[in-house]
Each structure stands twice: as C-alpha cells, then as structure tokens.
$ cat coords_23.txt   # compact mmCIF, C-alpha atoms
# COMPACT_ATOMS: atom_id res chain seq x y z
CA MET C 184 10.26 -28.78 -26.47
CA GLU C 185 8.39 -25.68 -27.59
CA LEU C 186 5.46 -24.21 -25.71
CA ARG C 187 3.29 -24.20 -28.84
CA HIS C 188 3.70 -27.97 -29.12
CA LEU C 189 2.33 -28.34 -25.60
CA ARG C 190 -0.63 -26.12 -26.48
CA HIS C 191 -1.28 -28.23 -29.57
CA PHE C 192 -1.09 -31.44 -27.53
CA LEU C 193 -3.55 -30.12 -24.92
CA ALA C 194 -6.04 -29.07 -27.59
CA VAL C 195 -5.94 -32.51 -29.20
CA ALA C 196 -6.07 -34.26 -25.82
CA ASN C 197 -9.17 -32.27 -24.87
CA GLU C 198 -11.00 -32.87 -28.16
CA LEU C 199 -9.59 -36.30 -29.09
CA HIS C 200 -10.24 -35.17 -32.65
CA MET C 201 -7.55 -33.65 -34.84
CA GLY C 202 -9.96 -31.66 -37.01
CA ARG C 203 -11.87 -30.07 -34.12
CA ALA C 204 -8.63 -29.26 -32.28
CA ALA C 205 -7.24 -27.61 -35.41
CA ARG C 206 -10.33 -25.41 -35.76
CA LEU C 207 -10.10 -24.37 -32.10
CA LEU C 208 -6.44 -23.46 -32.58
CA GLY C 209 -7.16 -21.58 -35.81
CA MET C 210 -4.80 -23.69 -37.90
CA ALA C 211 -4.96 -26.34 -40.60
CA GLN C 212 -5.06 -30.01 -39.61
CA PRO C 213 -1.83 -31.18 -41.35
CA PRO C 214 0.46 -28.73 -39.46
CA LEU C 215 -1.23 -29.76 -36.21
CA SER C 216 -0.64 -33.45 -36.93
CA GLN C 217 3.00 -32.66 -37.73
CA SER C 218 3.37 -30.73 -34.47
CA ILE C 219 2.07 -33.67 -32.44
CA ALA C 220 4.38 -36.03 -34.33
CA ARG C 221 7.40 -33.80 -33.58
CA LEU C 222 6.47 -33.70 -29.90
CA GLU C 223 6.16 -37.49 -29.74
CA LYS C 224 9.50 -37.87 -31.51
CA GLU C 225 11.18 -35.48 -29.07
CA LEU C 226 9.69 -37.27 -26.06
CA GLY C 227 10.38 -40.71 -27.47
CA VAL C 228 6.88 -41.93 -26.60
CA ARG C 229 3.50 -42.14 -28.30
CA LEU C 230 0.97 -39.78 -26.78
CA PHE C 231 -2.04 -40.95 -28.82
CA ASP C 232 -3.34 -44.20 -30.21
CA ARG C 233 -4.77 -43.75 -33.70
CA ALA C 234 -6.48 -47.11 -34.19
CA ASN C 235 -9.74 -47.37 -36.16
CA ARG C 236 -9.58 -43.67 -37.13
CA ARG C 237 -10.13 -42.73 -33.47
CA LEU C 238 -7.77 -40.87 -31.14
CA THR C 239 -7.24 -42.01 -27.57
CA LEU C 240 -4.58 -41.05 -25.07
CA THR C 241 -1.90 -43.61 -24.37
CA GLN C 242 -0.84 -44.22 -20.79
CA ALA C 243 2.14 -41.92 -21.41
CA GLY C 244 -0.20 -39.26 -22.83
CA ALA C 245 -2.56 -39.48 -19.86
CA ILE C 246 0.36 -38.95 -17.46
CA PHE C 247 1.91 -36.21 -19.61
CA ILE C 248 -1.26 -34.11 -19.80
CA ASP C 249 -1.14 -32.78 -16.21
CA GLU C 250 2.47 -31.66 -16.47
CA ALA C 251 1.85 -30.13 -19.88
CA ARG C 252 -1.13 -28.20 -18.56
CA ALA C 253 0.90 -26.95 -15.55
CA SER C 254 3.74 -25.84 -17.85
CA VAL C 255 1.38 -23.85 -20.04
CA LEU C 256 -0.30 -22.26 -17.03
CA HIS C 257 3.08 -21.29 -15.56
CA ALA C 258 4.18 -19.80 -18.86
CA ASP C 259 0.95 -17.82 -19.16
CA ALA C 260 1.35 -16.57 -15.59
CA ALA C 261 4.94 -15.52 -16.29
CA LEU C 262 3.85 -13.64 -19.39
CA ALA C 263 1.02 -11.91 -17.51
CA ALA C 264 3.42 -10.93 -14.70
CA ALA C 265 5.91 -9.49 -17.18
CA LYS C 266 3.21 -7.44 -18.90
CA ALA C 267 1.88 -6.24 -15.54
CA ALA C 268 5.38 -5.14 -14.50
CA GLU C 269 5.81 -3.25 -17.78
CA ARG C 270 2.55 -1.37 -17.08
CA GLY C 271 3.58 -0.63 -13.50
CA MET C 272 0.93 -2.97 -12.12
CA ALA C 273 3.33 -5.41 -10.43
CA GLY C 274 6.82 -5.56 -8.98
CA VAL C 275 8.80 -4.97 -5.79
CA VAL C 276 8.91 -1.52 -4.14
CA ARG C 277 11.39 -0.98 -1.30
CA ILE C 278 10.14 1.56 1.23
CA GLY C 279 12.14 3.20 3.99
CA PHE C 280 10.36 4.88 6.89
CA ASP C 281 11.09 6.79 10.04
CA SER C 282 9.27 5.49 13.11
CA ALA C 283 7.06 8.60 13.08
CA ALA C 284 5.51 7.38 9.82
CA LEU C 285 4.65 4.00 11.28
CA TYR C 286 1.61 5.07 13.30
CA HIS C 287 -0.53 6.68 10.61
CA PRO C 288 0.59 7.84 7.14
CA LEU C 289 2.40 4.65 6.14
CA PRO C 290 -0.05 1.94 7.35
CA HIS C 291 -2.95 3.84 5.76
CA ARG C 292 -1.16 4.00 2.41
CA LEU C 293 -0.07 0.37 2.54
CA ALA C 294 -3.67 -0.70 3.10
CA LEU C 295 -4.75 1.47 0.14
CA LEU C 296 -2.01 -0.05 -2.01
CA ARG C 297 -3.16 -3.59 -1.27
CA ARG C 298 -6.65 -2.66 -2.47
CA VAL C 299 -5.81 -0.76 -5.66
CA LEU C 300 -2.51 -2.35 -6.72
CA PRO C 301 -2.34 -5.92 -5.36
CA GLY C 302 0.48 -6.81 -7.73
CA ALA C 303 2.89 -4.47 -5.94
CA GLN C 304 5.06 -6.21 -3.35
CA THR C 305 6.47 -3.96 -0.63
CA LYS C 306 9.65 -4.46 1.36
CA LEU C 307 9.85 -2.20 4.41
CA PHE C 308 12.94 -0.86 6.19
CA GLU C 309 12.85 1.25 9.36
CA LEU C 310 15.57 3.86 8.88
CA SER C 311 16.39 7.31 10.19
CA THR C 312 16.10 10.26 7.82
CA ASN C 313 19.84 10.34 7.18
CA ASP C 314 19.94 6.59 6.59
CA GLN C 315 17.07 6.89 4.12
CA LEU C 316 18.88 9.60 2.17
CA ASP C 317 21.93 7.36 2.01
CA ALA C 318 19.84 4.34 0.98
CA LEU C 319 18.17 6.34 -1.79
CA GLN C 320 21.55 7.49 -3.04
CA ARG C 321 22.81 3.87 -3.14
CA GLY C 322 19.63 2.59 -4.74
CA ALA C 323 18.86 0.41 -1.70
CA ILE C 324 15.30 1.80 -1.33
CA ASP C 325 12.87 3.33 -3.82
CA ILE C 326 10.64 5.54 -1.65
CA GLY C 327 11.19 7.02 1.81
CA PHE C 328 9.08 8.59 4.54
CA ALA C 329 11.39 10.97 6.36
CA HIS C 330 11.68 14.31 8.19
CA PRO C 331 12.57 17.40 6.13
CA PRO C 332 14.52 19.51 5.44
CA PHE C 333 16.82 17.31 3.39
CA GLY C 334 19.40 19.68 1.94
CA THR C 335 19.72 17.64 -1.25
CA GLY C 336 18.75 20.32 -3.78
CA ASP C 337 17.17 18.97 -6.94
CA ARG C 338 18.26 15.35 -6.43
CA LEU C 339 14.97 14.32 -4.77
CA ASP C 340 11.29 14.36 -5.55
CA VAL C 341 9.59 15.51 -2.33
CA HIS C 342 5.92 15.26 -1.45
CA ASP C 343 5.13 17.00 1.84
CA LEU C 344 2.73 15.27 4.23
CA PRO C 345 0.77 16.91 7.07
CA ALA C 346 2.99 17.72 10.04
CA ASP C 347 2.18 16.00 13.34
CA ASN C 348 1.84 17.90 16.60
CA THR C 349 4.29 17.03 19.38
CA ILE C 350 3.18 15.48 22.64
CA ALA C 351 5.00 14.54 25.82
CA VAL C 352 5.47 10.93 26.86
CA LEU C 353 5.88 10.66 30.63
CA PRO C 354 6.29 7.88 33.18
CA ASP C 355 2.81 6.79 34.23
CA ASP C 356 2.32 8.38 37.64
CA GLY C 357 -1.46 8.01 37.73
CA ARG C 358 -2.11 11.59 36.73
CA ASP C 359 -3.55 12.86 33.47
CA GLY C 360 -3.99 16.16 31.70
CA GLU C 361 -1.60 18.61 30.04
CA VAL C 362 2.00 19.33 31.01
CA SER C 363 4.30 22.32 30.72
CA LEU C 364 7.86 22.45 29.45
CA ALA C 365 9.03 22.92 33.03
CA GLU C 366 7.31 19.69 34.10
CA ILE C 367 8.88 17.83 31.16
CA ALA C 368 12.32 19.23 31.98
CA ALA C 369 11.98 18.03 35.57
CA PHE C 370 11.96 14.43 34.30
CA GLY C 371 14.98 14.94 32.06
CA LEU C 372 14.70 14.44 28.31
CA ILE C 373 15.00 11.27 26.24
CA LEU C 374 15.72 12.54 22.73
CA PHE C 375 16.96 11.28 19.39
CA PRO C 376 20.61 12.08 18.53
CA ALA C 377 21.19 15.46 16.92
CA ALA C 378 22.82 13.82 13.90
CA GLN C 379 19.62 11.89 13.24
CA GLY C 380 17.55 15.05 12.74
CA PRO C 381 19.64 18.17 13.34
CA VAL C 382 16.98 20.75 12.42
CA LEU C 383 14.19 19.28 14.55
CA HIS C 384 16.61 18.56 17.40
CA ALA C 385 17.73 22.21 17.39
CA ARG C 386 14.13 23.48 17.31
CA ILE C 387 13.18 21.32 20.30
CA MET C 388 16.12 22.48 22.38
CA ASP C 389 15.51 26.08 21.30
CA SER C 390 11.93 25.89 22.59
CA PHE C 391 13.19 25.16 26.10
CA MET C 392 15.84 27.86 25.85
CA LYS C 393 13.36 30.53 24.71
CA ALA C 394 11.10 29.59 27.62
CA GLY C 395 14.03 30.11 29.99
CA ILE C 396 14.00 26.46 31.04
CA GLU C 397 17.14 24.41 31.40
CA VAL C 398 16.67 20.83 30.27
CA ARG C 399 19.07 17.92 30.55
CA ILE C 400 19.17 15.09 28.02
CA THR C 401 19.32 11.95 30.13
CA GLN C 402 19.40 9.45 27.29
CA GLU C 403 19.57 9.38 23.49
CA ALA C 404 17.49 6.90 21.50
CA GLY C 405 16.88 6.66 17.77
CA ARG C 406 13.61 4.69 17.74
CA ALA C 407 10.20 5.53 19.19
CA LEU C 408 9.74 2.11 20.81
CA THR C 409 13.12 2.45 22.51
CA MET C 410 12.07 5.84 23.85
CA LEU C 411 8.81 4.40 25.19
CA SER C 412 10.71 1.63 26.95
CA LEU C 413 13.11 4.09 28.54
CA VAL C 414 10.25 6.35 29.67
CA SER C 415 8.42 3.38 31.20
CA ALA C 416 11.62 2.58 33.13
CA GLY C 417 11.56 6.09 34.60
CA LEU C 418 14.67 7.36 32.82
CA GLY C 419 13.05 10.55 31.61
CA ALA C 420 10.35 12.06 29.40
CA ALA C 421 10.21 11.89 25.60
CA LEU C 422 8.78 14.14 22.91
CA LEU C 423 7.08 12.29 20.06
CA PRO C 424 4.46 12.85 17.33
CA GLN C 425 0.90 12.70 18.62
CA SER C 426 0.13 9.75 16.32
CA ILE C 427 2.08 7.66 18.85
CA ARG C 428 -1.11 7.72 20.93
CA ARG C 429 -2.33 4.88 18.72
CA LEU C 430 0.13 2.66 20.56
CA ALA C 431 -0.82 1.58 24.07
CA PHE C 432 2.37 1.10 26.07
CA LYS C 433 2.39 -0.01 29.69
CA GLY C 434 4.11 2.34 32.10
CA VAL C 435 3.76 5.57 30.12
CA ARG C 436 1.18 8.30 29.73
CA TYR C 437 0.69 10.75 26.88
CA ALA C 438 0.11 14.44 27.51
CA ASP C 439 -0.41 17.57 25.42
CA ILE C 440 2.10 20.37 25.92
CA VAL C 441 0.77 23.75 27.07
CA GLY C 442 2.16 27.16 27.81
CA THR C 443 4.35 27.70 24.76
CA PRO C 444 4.32 26.98 21.01
CA PHE C 445 6.23 23.80 20.26
CA PRO C 446 7.68 22.56 16.97
CA THR C 447 5.69 20.03 14.97
CA TRP C 448 7.07 16.87 13.34
CA PRO C 449 7.27 17.49 9.58
CA LEU C 450 7.12 14.44 7.33
CA ALA C 451 7.60 13.99 3.60
CA MET C 452 7.66 11.24 1.03
CA ILE C 453 10.87 11.21 -0.98
CA ALA C 454 12.36 9.42 -3.99
CA ARG C 455 15.31 9.87 -6.30
CA ARG C 456 14.67 12.31 -9.15
CA GLN C 457 15.63 9.98 -11.94
CA PRO C 458 13.96 7.31 -14.10
CA GLN C 459 12.26 4.74 -11.89
CA PRO C 460 10.71 1.34 -12.62
CA PRO C 461 7.06 1.68 -13.70
CA VAL C 462 5.76 0.08 -10.50
CA VAL C 463 7.67 2.60 -8.34
CA ARG C 464 6.19 5.50 -10.32
CA HIS C 465 2.74 3.97 -9.95
CA VAL C 466 3.09 3.49 -6.19
CA TRP C 467 4.40 7.06 -5.79
CA ARG C 468 1.31 8.44 -7.57
CA ILE C 469 -1.03 6.37 -5.41
CA PHE C 470 0.69 7.50 -2.20
CA ALA C 471 0.85 11.15 -3.31
CA GLU C 472 -2.80 11.33 -4.38
CA ASP C 473 -3.80 10.10 -0.94
CA GLY C 474 -2.78 13.45 0.54
$ encode --input "coords_23.txt" --output "structure tokens"
Amino acid sequence: MELRHLRHFLAVANELHMGRAARLLGMAQPPLSQSIARLEKELGVRLFDRANRRLTLTQAGAIFIDEARASVLHADAALAAAKAAERGMAGVVRIGFDSAALYHPLPHRLALLRRVLPGAQTKLFELSTNDQLDALQRGAIDIGFAHPPFGTGDRLDVHDLPADNTIAVLPDDGRDGEVSLAEIAAFGLILFPAAQGPVLHARIMDSFMKAGIEVRITQEAGRALTMLSLVSAGLGAALLPQSIRRLAFKGVRYADIVGTPFPTWPLAMIARRQPQPPVVRHVWRIFAEDG
C-alpha cells in the first residue's frame, strides 16, 4: 500500500466527486480512478459505491478513512521531523555537567533552549570533569560543562564561562557574616578528591598553605549535595561556588571568605572538535551566544 494511494483515497472521500478530487490533487481524473481501483484491489474491499453516477463511502470505506488519515498524518510528521533534524532544528543532545553548573549556567541555558529550539531533546548526565572528558572521547555525550584546564590540546572546542567566586559552607551554628581561612580550617575540610579536579584542588590547598594555616581534610565527596549533607551533619566545612546559595539546605550556612584571595571556580563548555550532528552544532551556538 503506497502513501500516495491513501492521499488519493482521502481526497475522494472528502469530495465524494472524482473530478473535484482530481483537480485538488493536480492530476487527471483517469489516473485517480485507477489509483483508487488499485487500492481497493489491494485491500480486497470496495471503498466507494458508484451507483447512479454518485460516489458514497461503503461501510468499509467509512471505517478505513480514520486509519488512512492517521497514517498520512504520521508520515507527514515523520517527514517534517527528518527535515528538522537535517536543519539542526530537532534531535537528541546529550549533555554532561559538573554539579557547579547545575545552579546557574546550565538551567538558564536549558530554559533558553526550550524557548528557541523546542525540537531539541536534552539528556542530562551529572559527571565530574574527568568523567566528562572520557564520555566525550567515547561519544557518550555531545556537550559538557566542566572545570578547566583540560590538558587535551586541540581535541576539544572550549567556550569559557564566567568563573564563580568561592564561598564557605559551614554547619549552621546560628551565626552569620564572613569567615576566615583559619575559621574554616578549625572545622576541618570536606573537599572533592584531587583526581576529580587536580588543578583546583591544588590551588585550594595552596591558599591555606600560603596563609600559614594547616588544614585537615576530614572527608572527600565528589558531589555538591553530598558535601552539603556532610556539612549539615557537622563533619566539616566545604568550599563551593557561590551559586550554591540558590539552594536552601537545612543545617548549613553560607559565608563569604575574607582575609586572603581565594581561587575561583572556572567553568567551560566543551565538545569534541570533529563533525557533529546539526542539532548539536545548533545547540552549541545557542549556548555560546548566551555568554
């Protein structure tokens, strides 16, 4: 059964007149009559009664019309989706993100994407920077939001995003205001593993060392929410991007760090430097143009 035969049937069923249906379809009447006859032969049923030079739908034709219309609509939708994907207007984009991206740059861009490119479907994966680099290499994700530097030479396209200042996350003791490195060190430090972000980890520890403050890492945790839970349990203090303030978490308080310069949290959008599906290129441009 060919799709054009269904279109011909629907035109005739709507008009109940072979000549008018042929004009609407932009074809001669004899080929249209032959098309309907072939469809009826293939189905093994009559779709139209032709008594007294009038066309009427048979019972089989009346039942067939809804399914025929649905089939044509589905075919048209499939064609439109394929054309949209070819133009980069539709398709699946797999996005990896570090937890630091979750509280501002990523949600803002996802909301923008839904407005300007509704045909793009996103699949999100929370991954450390190293895991994102590995996933990009394997082709498991298309775009990542991760912490530079990456040490991958010319294998990546990199779009730098504004760095986020670092704040302290402390057990909620009823106080407020700023804290010093010495006060943070007194709690002990809950920090991500060095392998997860070796450069930033080294800079954080170096800040305490340059200030002449000895700090003990009481617990390692790779996710911001895990760190918040551990801080609320009184196991130490954490250092996180200031965008974490957007998240209210019982049992912790946020505080600016004073007394010494402290490293910021750099963030960048990354993708493999190789041919990408049109929708991935389109999403990259939208995200990059947003700042």
$ residues_around --input "coords_23.txt" --residues "Pro345 in chain C" --least-positions-apart "2" --cutoff "12 Å" --atoms "all atoms listed in the file" --output "count of residues only"
20
$ axis_aligned_box --input "coords_23.txt" --around "range 430-433 of chain C" --padding-each-side "8 Å" --output "AutoDock Vina command-line options"
--center_x 0.8 --center_y 1.3 --center_z 25.1 --size_x 19.2 --size_y 18.7 --size_z 25.1
$ residues_around --input "coords_23.txt" --residues "range 456-469 of chain C" --least-positions-apart "2" --cutoff "10 Å" --atoms "all atoms listed in the file" --output "compact mmCIF listing (two decimals) with C-alpha atoms, in the frame of the given file"
# COMPACT_ATOMS: atom_id res chain seq x y z
CA ALA C 267 1.88 -6.24 -15.54
CA ALA C 268 5.38 -5.14 -14.50
CA GLU C 269 5.81 -3.25 -17.78
CA ARG C 270 2.55 -1.37 -17.08
CA GLY C 271 3.58 -0.63 -13.50
CA MET C 272 0.93 -2.97 -12.12
CA ALA C 273 3.33 -5.41 -10.43
CA GLY C 274 6.82 -5.56 -8.98
CA VAL C 275 8.80 -4.97 -5.79
CA VAL C 276 8.91 -1.52 -4.14
CA ARG C 277 11.39 -0.98 -1.30
CA ILE C 278 10.14 1.56 1.23
CA ARG C 292 -1.16 4.00 2.41
CA LEU C 293 -0.07 0.37 2.54
CA LEU C 295 -4.75 1.47 0.14
CA LEU C 296 -2.01 -0.05 -2.01
CA VAL C 299 -5.81 -0.76 -5.66
CA LEU C 300 -2.51 -2.35 -6.72
CA GLY C 302 0.48 -6.81 -7.73
CA ALA C 303 2.89 -4.47 -5.94
CA GLN C 304 5.06 -6.21 -3.35
CA THR C 305 6.47 -3.96 -0.63
CA ASP C 325 12.87 3.33 -3.82
CA ILE C 326 10.64 5.54 -1.65
CA ASP C 337 17.17 18.97 -6.94
CA ARG C 338 18.26 15.35 -6.43
CA LEU C 339 14.97 14.32 -4.77
CA ASP C 340 11.29 14.36 -5.55
CA VAL C 341 9.59 15.51 -2.33
CA HIS C 342 5.92 15.26 -1.45
CA MET C 452 7.66 11.24 1.03
CA ILE C 453 10.87 11.21 -0.98
CA ALA C 454 12.36 9.42 -3.99
CA ALA C 471 0.85 11.15 -3.31
CA GLU C 472 -2.80 11.33 -4.38
CA ASP C 473 -3.80 10.10 -0.94
CA GLY C 474 -2.78 13.45 0.54
$ residues_near_point --input "coords_23.txt" --point "(1.7, 22.2, 25.3)" --cutoff "8 Å" --atoms "only C-alpha atoms" --output "list in words"
Ile350, Glu361, Val362, Ser363, Leu364, Asp439, Ile440, Val441, Gly442, Thr443, Pro444 and Phe445 of chain C
$ write_last_selection --input "coords_23.txt" --atoms "C-alpha atoms" --output "PDB file, in the coordinates of the input"
ATOM      1  CA  ILE C 350       3.180  15.480  22.640  1.00  0.00           C
ATOM      2  CA  GLU C 361      -1.600  18.610  30.040  1.00  0.00           C
ATOM      3  CA  VAL C 362       2.000  19.330  31.010  1.00  0.00           C
ATOM      4  CA  SER C 363       4.300  22.320  30.720  1.00  0.00           C
ATOM      5  CA  LEU C 364       7.860  22.450  29.450  1.00  0.00           C
ATOM      6  CA  ASP C 439      -0.410  17.570  25.420  1.00  0.00           C
ATOM      7  CA  ILE C 440       2.100  20.370  25.920  1.00  0.00           C
ATOM      8  CA  VAL C 441       0.770  23.750  27.070  1.00  0.00           C
ATOM      9  CA  GLY C 442       2.160  27.160  27.810  1.00  0.00           C
ATOM     10  CA  THR C 443       4.350  27.700  24.760  1.00  0.00           C
ATOM     11  CA  PRO C 444       4.320  26.980  21.010  1.00  0.00           C
ATOM     12  CA  PHE C 445       6.230  23.800  20.260  1.00  0.00           C
TER      13      PHE C 445
END
$ closest_residue --input "coords_23.txt" --among "C:Gly434, C:Gly244, C:Pro354, C:Pro332" --to "Phe370 in chain C" --atoms "only C-alpha atoms"
C:Pro354
$ atom_distance --input "coords_23.txt" --atom1 "CA of Gly202 in chain C" --atom2 "CA of Arg236 in chain C"
12.0 Å
$ atom_distance --input "coords_23.txt" --atom1 "CA of Gln425 in chain C" --atom2 "CA of Ile324 in chain C"
26.9 Å
$ atom_distance --input "coords_23.txt" --atom1 "CA of Ala365 in chain C" --atom2 "CA of Lys393 in chain C"
12.1 Å
$ closest_residue --input "coords_23.txt" --among "C:Gly371, C:Ala416, C:Asn235, C:Leu319" --to "Glu397 in chain C" --atoms "all atoms listed in the file"
C:Gly371
$ residues_near_point --input "coords_23.txt" --point "(6.6, -26.8, -25.5)" --cutoff "10 Å" --atoms "only C-alpha atoms" --output "ChimeraX atom specification"
/C:184-192,222,251,254-255,258
$ write_last_selection --input "coords_23.txt" --atoms "C-alpha atoms" --output "PDB file, keeping the file's coordinate frame"
ATOM      1  CA  MET C 184      10.260 -28.780 -26.470  1.00  0.00           C
ATOM      2  CA  GLU C 185       8.390 -25.680 -27.590  1.00  0.00           C
ATOM      3  CA  LEU C 186       5.460 -24.210 -25.710  1.00  0.00           C
ATOM      4  CA  ARG C 187       3.290 -24.200 -28.840  1.00  0.00           C
ATOM      5  CA  HIS C 188       3.700 -27.970 -29.120  1.00  0.00           C
ATOM      6  CA  LEU C 189       2.330 -28.340 -25.600  1.00  0.00           C
ATOM      7  CA  ARG C 190      -0.630 -26.120 -26.480  1.00  0.00           C
ATOM      8  CA  HIS C 191      -1.280 -28.230 -29.570  1.00  0.00           C
ATOM      9  CA  PHE C 192      -1.090 -31.440 -27.530  1.00  0.00           C
ATOM     10  CA  LEU C 222       6.470 -33.700 -29.900  1.00  0.00           C
ATOM     11  CA  ALA C 251       1.850 -30.130 -19.880  1.00  0.00           C
ATOM     12  CA  SER C 254       3.740 -25.840 -17.850  1.00  0.00           C
ATOM     13  CA  VAL C 255       1.380 -23.850 -20.040  1.00  0.00           C
ATOM     14  CA  ALA C 258       4.180 -19.800 -18.860  1.00  0.00           C
TER      15      ALA C 258
END
$ closest_atom_pairs --input "coords_23.txt" --of "range 229-295 of chain C" --to "range 402-406 of chain C" --cutoff "9 Å" --atoms "only C-alpha atoms" --output "JSON lines"
{"residue": "C:Asp281", "atom": "CA", "partner": "C:Arg406", "partner_atom": "CA", "distance": 8.4}
{"residue": "C:Ser282", "atom": "CA", "partner": "C:Arg406", "partner_atom": "CA", "distance": 6.4}
{"residue": "C:Ala283", "atom": "CA", "partner": "C:Arg406", "partner_atom": "CA", "distance": 8.9}
$ closest_residue --input "coords_23.txt" --among "C:Leu372, C:Leu423, C:Leu238, C:Leu310" --to "Phe328 in chain C" --atoms "only C-alpha atoms"
C:Leu310
$ residues_around --input "coords_23.txt" --residues "Leu207 in chain C" --least-positions-apart "6" --cutoff "12 Å" --atoms "only C-alpha atoms" --output "ChimeraX atom specification"
/C:190-191,193-195,197-198,200-201,215
$ build_atoms --input "coords_23.txt" --residues "range 375-383 of chain C" --atoms "all heavy atoms" --output "compact mmCIF listing (two decimals), keeping the file's coordinate frame"
# COMPACT_ATOMS: atom_id res chain seq x y z
N PHE C 375 16.17 11.89 20.46
CA PHE C 375 16.96 11.28 19.39
C PHE C 375 18.28 12.05 19.22
O PHE C 375 18.37 13.24 19.54
CB PHE C 375 16.17 11.29 18.08
CG PHE C 375 15.69 12.65 17.64
CD1 PHE C 375 16.49 13.47 16.86
CD2 PHE C 375 14.43 13.09 18.01
CE1 PHE C 375 16.05 14.72 16.45
CE2 PHE C 375 13.99 14.35 17.62
CZ PHE C 375 14.79 15.17 16.83
N PRO C 376 19.33 11.39 18.72
CA PRO C 376 20.61 12.08 18.53
C PRO C 376 20.48 13.24 17.55
O PRO C 376 19.71 13.17 16.58
CB PRO C 376 21.52 10.98 17.96
CG PRO C 376 20.86 9.70 18.34
CD PRO C 376 19.40 9.97 18.35
N ALA C 377 21.25 14.29 17.79
CA ALA C 377 21.19 15.46 16.92
C ALA C 377 21.53 15.11 15.47
O ALA C 377 20.93 15.66 14.54
CB ALA C 377 22.14 16.53 17.43
N ALA C 378 22.44 14.20 15.26
CA ALA C 378 22.82 13.82 13.90
C ALA C 378 21.68 13.15 13.14
O ALA C 378 21.66 13.15 11.91
CB ALA C 378 24.03 12.88 13.93
N GLN C 379 20.73 12.59 13.87
CA GLN C 379 19.62 11.89 13.24
C GLN C 379 18.62 12.87 12.64
O GLN C 379 17.96 12.56 11.65
CB GLN C 379 18.94 10.98 14.27
CG GLN C 379 17.82 10.12 13.70
CD GLN C 379 17.32 9.11 14.71
OE1 GLN C 379 18.09 8.44 15.39
NE2 GLN C 379 16.00 9.01 14.84
N GLY C 380 18.47 14.03 13.24
CA GLY C 380 17.55 15.05 12.74
C GLY C 380 17.97 16.40 13.28
O GLY C 380 17.35 16.92 14.21
N PRO C 381 19.04 16.97 12.74
CA PRO C 381 19.64 18.17 13.34
C PRO C 381 18.70 19.36 13.43
O PRO C 381 18.73 20.10 14.41
CB PRO C 381 20.84 18.46 12.43
CG PRO C 381 20.60 17.69 11.18
CD PRO C 381 19.79 16.51 11.56
N VAL C 382 17.86 19.58 12.41
CA VAL C 382 16.98 20.75 12.42
C VAL C 382 15.91 20.62 13.51
O VAL C 382 15.71 21.53 14.32
CB VAL C 382 16.33 20.95 11.04
CG1 VAL C 382 15.29 22.08 11.09
CG2 VAL C 382 17.39 21.25 9.99
N LEU C 383 15.23 19.47 13.55
CA LEU C 383 14.19 19.28 14.55
C LEU C 383 14.78 19.25 15.95
O LEU C 383 14.22 19.79 16.90
CB LEU C 383 13.41 17.98 14.27
CG LEU C 383 12.24 17.68 15.21
CD1 LEU C 383 11.23 18.81 15.22
CD2 LEU C 383 11.58 16.36 14.81
